[in-house]
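Engineer: Sharing model_37.tsv below, TSV, C-alpha atoms:
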chain	number	residue	atom	x	y	z
A	1165	ASP	CA	0.00	0.00	0.00
A	1166	ASN	CA	1.82	3.12	-1.27
A	1167	ARG	CA	-0.82	5.64	-0.20
A	1168	GLU	CA	0.39	8.60	1.82
A	1169	ARG	CA	-0.24	8.21	5.54
A	1170	VAL	CA	-2.24	10.92	7.34
A	1171	VAL	CA	-2.28	11.58	11.12
A	1172	GLU	CA	-5.15	13.51	12.70
A	1173	THR	CA	-4.94	12.45	16.36
A	1174	ASP	CA	-2.43	12.13	19.23
A	1175	ILE	CA	0.18	9.38	18.78
A	1176	THR	CA	2.99	8.38	21.18
A	1177	LEU	CA	5.51	5.91	19.78
A	1178	LYS	CA	6.12	2.71	21.76
A	1179	ASN	CA	8.86	1.47	19.42
A	1180	ASP	CA	10.78	2.47	16.29
A	1181	ILE	CA	8.60	2.85	13.18
A	1182	VAL	CA	9.28	3.06	9.43
A	1183	VAL	CA	6.69	4.75	7.18
A	1184	PRO	CA	7.43	3.52	3.62
A	1185	GLN	CA	5.91	6.56	1.86
A	1186	GLY	CA	4.96	10.20	2.41
A	1187	PHE	CA	3.46	11.27	5.71
A	1188	THR	CA	1.08	14.15	6.52
A	1189	ILE	CA	0.20	15.49	9.98
A	1190	ASN	CA	-3.11	17.37	9.99
A	1191	ASP	CA	-3.78	17.51	13.74
A	1192	GLY	CA	-2.81	16.12	17.15
A	1193	THR	CA	0.58	15.58	18.79
A	1194	LEU	CA	3.11	13.11	17.44
A	1195	ASN	CA	5.45	12.23	20.33
A	1196	LEU	CA	8.55	10.22	19.35
A	1197	ASN	CA	9.02	9.31	23.01
A	1198	GLY	CA	12.72	8.47	22.61
A	1199	HIS	CA	12.18	6.29	19.52
A	1200	VAL	CA	13.14	6.54	15.84
A	1201	LEU	CA	10.54	7.48	13.22
A	1202	THR	CA	11.72	7.03	9.62
A	1203	VAL	CA	9.64	8.57	6.84
A	1204	GLN	CA	10.66	7.25	3.41
A	1205	GLY	CA	9.19	10.22	1.58
A	1206	ASP	CA	8.15	13.80	2.37
A	1207	LEU	CA	6.82	14.86	5.76
A	1208	ILE	CA	4.15	17.54	5.48
A	1209	GLN	CA	3.11	19.07	8.81
A	1210	SER	CA	-0.09	20.99	8.01
A	1211	ALA	CA	-0.95	21.40	11.69
A	1212	GLY	CA	-0.39	19.68	15.02
A	1213	ASN	CA	2.69	19.29	17.18
A	1214	VAL	CA	5.78	17.15	16.52
A	1215	LYS	CA	7.45	16.45	19.87
A	1216	ILE	CA	10.90	14.88	19.38
A	1217	TYR	CA	11.28	14.04	23.11
A	1218	GLY	CA	14.81	12.65	22.86
A	1219	GLY	CA	14.01	10.61	19.77
A	1220	ILE	CA	15.19	10.74	16.16
A	1221	LEU	CA	13.05	11.83	13.22
A	1222	LYS	CA	14.47	10.70	9.87
A	1223	VAL	CA	12.82	12.19	6.78
A	1224	GLU	CA	14.25	10.92	3.50
A	1225	GLY	CA	12.50	13.63	1.46
A	1226	ASP	CA	11.47	17.18	2.36
A	1227	TYR	CA	10.24	18.19	5.80
A	1228	ARG	CA	7.74	20.99	5.24
A	1229	ILE	CA	5.96	22.68	8.11
A	1230	GLN	CA	3.49	23.87	5.52
A	1231	ARG	CA	0.06	22.96	4.18
A	1232	LYS	CA	-0.27	21.33	0.77
A	1233	LEU	CA	-2.68	23.40	-1.36
A	1234	SER	CA	-5.34	21.81	-3.55
A	1235	SER	CA	-4.32	24.22	-6.30
A	1236	GLY	CA	-0.74	22.97	-6.11
A	1237	GLY	CA	2.24	24.18	-4.13
A	1238	TYR	CA	2.30	24.94	-0.41
A	1239	GLY	CA	0.92	27.52	2.00
A	1240	GLU	CA	1.01	28.38	5.67
A	1241	SER	CA	0.73	25.72	8.37
A	1242	ASP	CA	-0.50	25.66	11.95
A	1243	GLY	CA	2.21	23.13	12.84
A	1244	ARG	CA	4.64	23.33	15.74
A	1245	LEU	CA	8.00	21.65	16.33
A	1246	ASP	CA	8.92	20.93	19.95
A	1247	MET	CA	12.53	20.19	20.99
A	1248	SER	CA	12.59	21.17	24.66
A	1249	ILE	CA	15.68	21.43	26.87
A	1250	PHE	CA	13.92	19.10	29.32
A	1251	ASP	CA	13.37	16.28	26.79
A	1252	GLY	CA	16.96	15.28	25.95
A	1253	GLU	CA	19.10	15.82	22.87
A	1254	GLY	CA	16.74	14.87	20.05
A	1255	LYS	CA	17.63	14.88	16.38
A	1256	ILE	CA	15.93	15.54	13.06
A	1257	SER	CA	17.58	14.35	9.83
A	1258	VAL	CA	16.17	15.68	6.55
A	1259	GLY	CA	17.28	14.06	3.29
A	1260	ARG	CA	16.30	17.01	1.11
A	1261	ASN	CA	14.95	20.44	2.09
A	1262	PHE	CA	13.55	21.91	5.31
A	1263	VAL	CA	10.88	24.61	4.93
A	1264	ILE	CA	9.01	26.28	7.79
A	1265	GLN	CA	5.97	28.52	7.18
A	1266	SER	CA	4.00	28.25	10.39
A	1267	THR	CA	1.58	30.43	12.32
A	1268	GLU	CA	2.89	28.83	15.52
A	1269	ALA	CA	6.11	29.42	17.48
A	1270	SER	CA	8.23	26.26	17.60
A	1271	ARG	CA	10.28	25.45	20.72
A	1272	LEU	CA	13.86	24.83	19.57
A	1273	GLU	CA	15.93	24.74	22.76
A	1274	ARG	CA	18.24	21.71	22.40
A	1275	GLY	CA	19.02	19.12	19.77
A	1276	THR	CA	20.17	18.99	16.15
A	1277	LEU	CA	18.45	19.66	12.85
A	1278	CYS	CA	20.45	17.97	10.06
A	1279	ILE	CA	19.66	19.10	6.51
A	1280	ALA	CA	21.09	17.48	3.38
A	1281	GLY	CA	19.50	20.10	1.12
A	1282	ASP	CA	18.40	23.69	1.72
A	1283	PHE	CA	16.76	25.71	4.52
A	1284	GLU	CA	13.93	28.20	3.99
A	1285	GLN	CA	11.89	30.29	6.45
A	1286	LYS	CA	8.65	31.80	5.13
A	1287	ASN	CA	6.23	34.23	6.74
A	1288	THR	CA	2.53	33.81	7.46
A	1289	ASP	CA	-0.10	36.52	7.85
A	1290	LYS	CA	-0.20	35.86	11.60
A	1291	ARG	CA	3.45	35.22	12.45
A	1292	LYS	CA	6.81	36.31	11.10
A	1293	ASP	CA	8.98	34.74	13.87
A	1294	ASN	CA	8.55	30.99	13.38
A	1295	PHE	CA	12.20	29.86	13.50
A	1296	VAL	CA	13.95	31.28	16.59
A	1297	PRO	CA	16.22	28.57	18.09
A	1298	ASP	CA	18.28	28.94	21.26
A	1299	SER	CA	22.05	29.45	21.06
A	1300	TYR	CA	22.78	25.76	21.66
A	1301	PHE	CA	20.32	24.42	19.08
A	1302	VAL	CA	22.41	23.07	16.17
A	1303	THR	CA	21.57	23.27	12.48
A	1304	GLN	CA	23.94	21.00	10.57
A	1305	PHE	CA	24.23	20.95	6.78
A	1306	LEU	CA	25.19	17.50	5.49
A	1307	GLY	CA	27.24	16.63	2.42
A	1308	GLU	CA	30.05	18.31	0.52
A	1309	LYS	CA	27.82	20.35	-1.79
A	1310	LYS	CA	26.28	23.83	-1.88
A	1311	HIS	CA	23.43	24.51	0.53
A	1312	THR	CA	21.23	27.59	0.54
A	1313	ILE	CA	19.68	29.45	3.48
A	1314	MET	CA	16.80	31.88	2.97
A	1315	PHE	CA	14.95	33.92	5.60
A	1316	GLU	CA	11.88	35.79	4.35
A	1317	ASN	CA	12.02	37.77	7.59
A	1318	SER	CA	15.63	37.90	8.76
A	1319	ASN	CA	14.95	40.41	11.55
A	1320	ALA	CA	12.52	38.18	13.47
A	1321	ASN	CA	14.25	34.81	12.88
A	1322	ARG	CA	17.74	33.44	13.35
A	1323	MET	CA	20.06	30.47	13.51
A	1324	GLY	CA	21.54	29.09	16.72
A	1325	GLU	CA	24.74	27.10	16.22
A	1326	ILE	CA	25.69	26.13	12.63
A	1327	VAL	CA	27.86	23.22	11.52
A	1328	THR	CA	28.48	22.50	7.84
A	1329	GLU	CA	30.03	19.84	5.64
A	1330	GLY	CA	29.70	21.94	2.46
A	1331	ASP	CA	29.61	25.47	1.09
A	1332	ILE	CA	26.67	27.71	2.08
A	1333	ILE	CA	24.93	30.51	0.19
A	1334	VAL	CA	22.67	32.78	2.27
A	1335	ASN	CA	20.19	34.61	0.02
A	1336	SER	CA	19.08	37.10	2.67
A	1337	ASP	CA	20.30	38.86	5.77
A	1338	MET	CA	20.97	36.46	8.66
A	1339	ILE	CA	21.19	36.57	12.45
A	1340	ILE	CA	23.27	33.90	14.20
A	1341	ASP	CA	23.08	33.43	17.95
A	1342	GLY	CA	25.67	30.66	18.43
A	1343	ASP	CA	28.93	29.22	17.17
A	1344	PHE	CA	29.55	28.86	13.42
A	1345	ASP	CA	32.35	26.57	12.22
A	1346	LEU	CA	33.10	27.06	8.51
A	1347	ASN	CA	35.09	23.81	8.58
A	1348	ALA	CA	37.26	24.77	5.56
A	1349	HIS	CA	34.22	25.69	3.44
A	1350	THR	CA	33.02	28.89	1.76
A	1351	VAL	CA	30.04	30.83	3.11
A	1352	ASN	CA	28.60	33.60	0.91
A	1353	ILE	CA	26.07	35.89	2.55
A	1354	HIS	CA	24.16	38.07	0.06
A	1355	GLY	CA	23.13	40.56	2.72
A	1356	ASN	CA	24.09	41.51	6.26
A	1357	LEU	CA	25.30	39.19	9.03
A	1358	LEU	CA	24.48	39.94	12.66
A	1359	GLN	CA	26.21	37.68	15.22
A	1360	THR	CA	24.62	38.20	18.64
A	1361	SER	CA	26.66	35.54	20.50
A	1362	GLY	CA	28.97	32.59	19.93
A	1363	THR	CA	32.25	32.30	18.04
A	1364	MET	CA	32.89	32.40	14.30
A	1365	TYR	CA	35.48	29.69	13.53
A	1366	ILE	CA	36.89	30.38	10.06
A	1367	ASN	CA	38.91	27.14	10.36
A	1368	GLY	CA	40.52	27.33	6.90
A	1369	GLY	CA	37.31	28.48	5.24
A	1370	ASP	CA	36.19	31.70	3.55
A	1371	LEU	CA	33.46	34.02	4.88
A	1372	ASP	CA	32.21	36.51	2.26
A	1373	VAL	CA	29.57	39.01	3.46
A	1374	ASP	CA	28.16	41.34	0.80
A	1375	GLY	CA	26.71	43.74	3.38
A	1376	ASP	CA	27.69	44.54	6.96
A	1377	TYR	CA	29.00	42.09	9.57
A	1378	TYR	CA	28.00	43.16	13.08
Please render this file's structure as structure tokens.
Structural biologist:
Amino acid sequence: DNRERVVETDITLKNDIVVPQGFTINDGTLNLNGHVLTVQGDLIQSAGNVKIYGGILKVEGDYRIQRKLSSGGYGESDGRLDMSIFDGEGKISVGRNFVIQSTEASRLERGTLCIAGDFEQKNTDKRKDNFVPDSYFVTQFLGEKKHTIMFENSNANRMGEIVTEGDIIVNSDMIIDGDFDLNAHTVNIHGNLLQTSGTMYINGGDLDVDGDYY
């Protein structure tokens, strides 16, 4: 059965689970409860709460905190991502792109978001600040290739700590509130860079900021 799976109620994992196709969350709370959930397709979070709770979420396709539109494409979501400091060091691994366009404020206090593709933050009518991680929340870009970062509202959103295995192109202004290790790679920022805390480790890499670096 290759039909996309849809969740519309509360689910707490009791063991590791593999979903062999796309997965959509329309409502309720999905609590990983320390287990591993593998989605062998795209994860679309139209609404509801994804609580990592010390577990591991593996998405082989895109992870979109967006709603799929009947007319095609994607729009704003009411989804929320919860990675609390009290729930252990959880992890999300995304095989392609991570896109967040939510009316809700996610709790990104501890853990790691690994992205093999690109990162994009998009506004909603209700909320412009939907990706505001703490300083110790890590976004890691996987693979020796070019990754892009795009903030539609760079003043209200930010990165915490950044780790990269490849070059990065930032197609907006960016605020970083944690350490950034270039790890011998090139980072091009087509805008301004504001670093509010943490250390910038050039580490044999090249940081090129088109605008101002504060």
Engineer: Go through A:Lys1286, A:Arg1244, A:His1199, A:Arg1260 and flag the residue nearest Gly1225 (chain A), using only C-alpha atoms for the distances.
Structural biologist: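 Closest residue, counting only C-alpha atoms: A:Arg1260.
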Engineer: Skipping near chain neighbours, those fewer than 6 positions away, what residues fall within 10 Å of Asn1190 (chain A) using all atoms listed in the file, listed as a PyMOL selection string?
Structural biologist: chain A and resi 1170-1173+1208-1213+1231+1241-1243
Engineer: Ser1266 (chain A): which residues within 10 Å, counting all atoms listed in the file, same-chain residues fewer than 2 positions away excluded, as a count of residues only?
Structural biologist: 30
Engineer: Residues at most 8 Å from Leu1221 (chain A), counting all atoms listed in the file, excluding those fewer than 2 positions away in the same chain, as a PyMOL selection string?
Structural biologist: chain A and resi 1196+1200-1203+1216+1219+1223+1255-1257
Engineer: Which distance in Å separates CA of Met1338 (chain A) and CA of Gln1359 (chain A), to one decimal?
Structural biologist: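 Interatomic distance, CA of Met1338 (chain A) to CA of Gln1359 (chain A): 8.5 Å.
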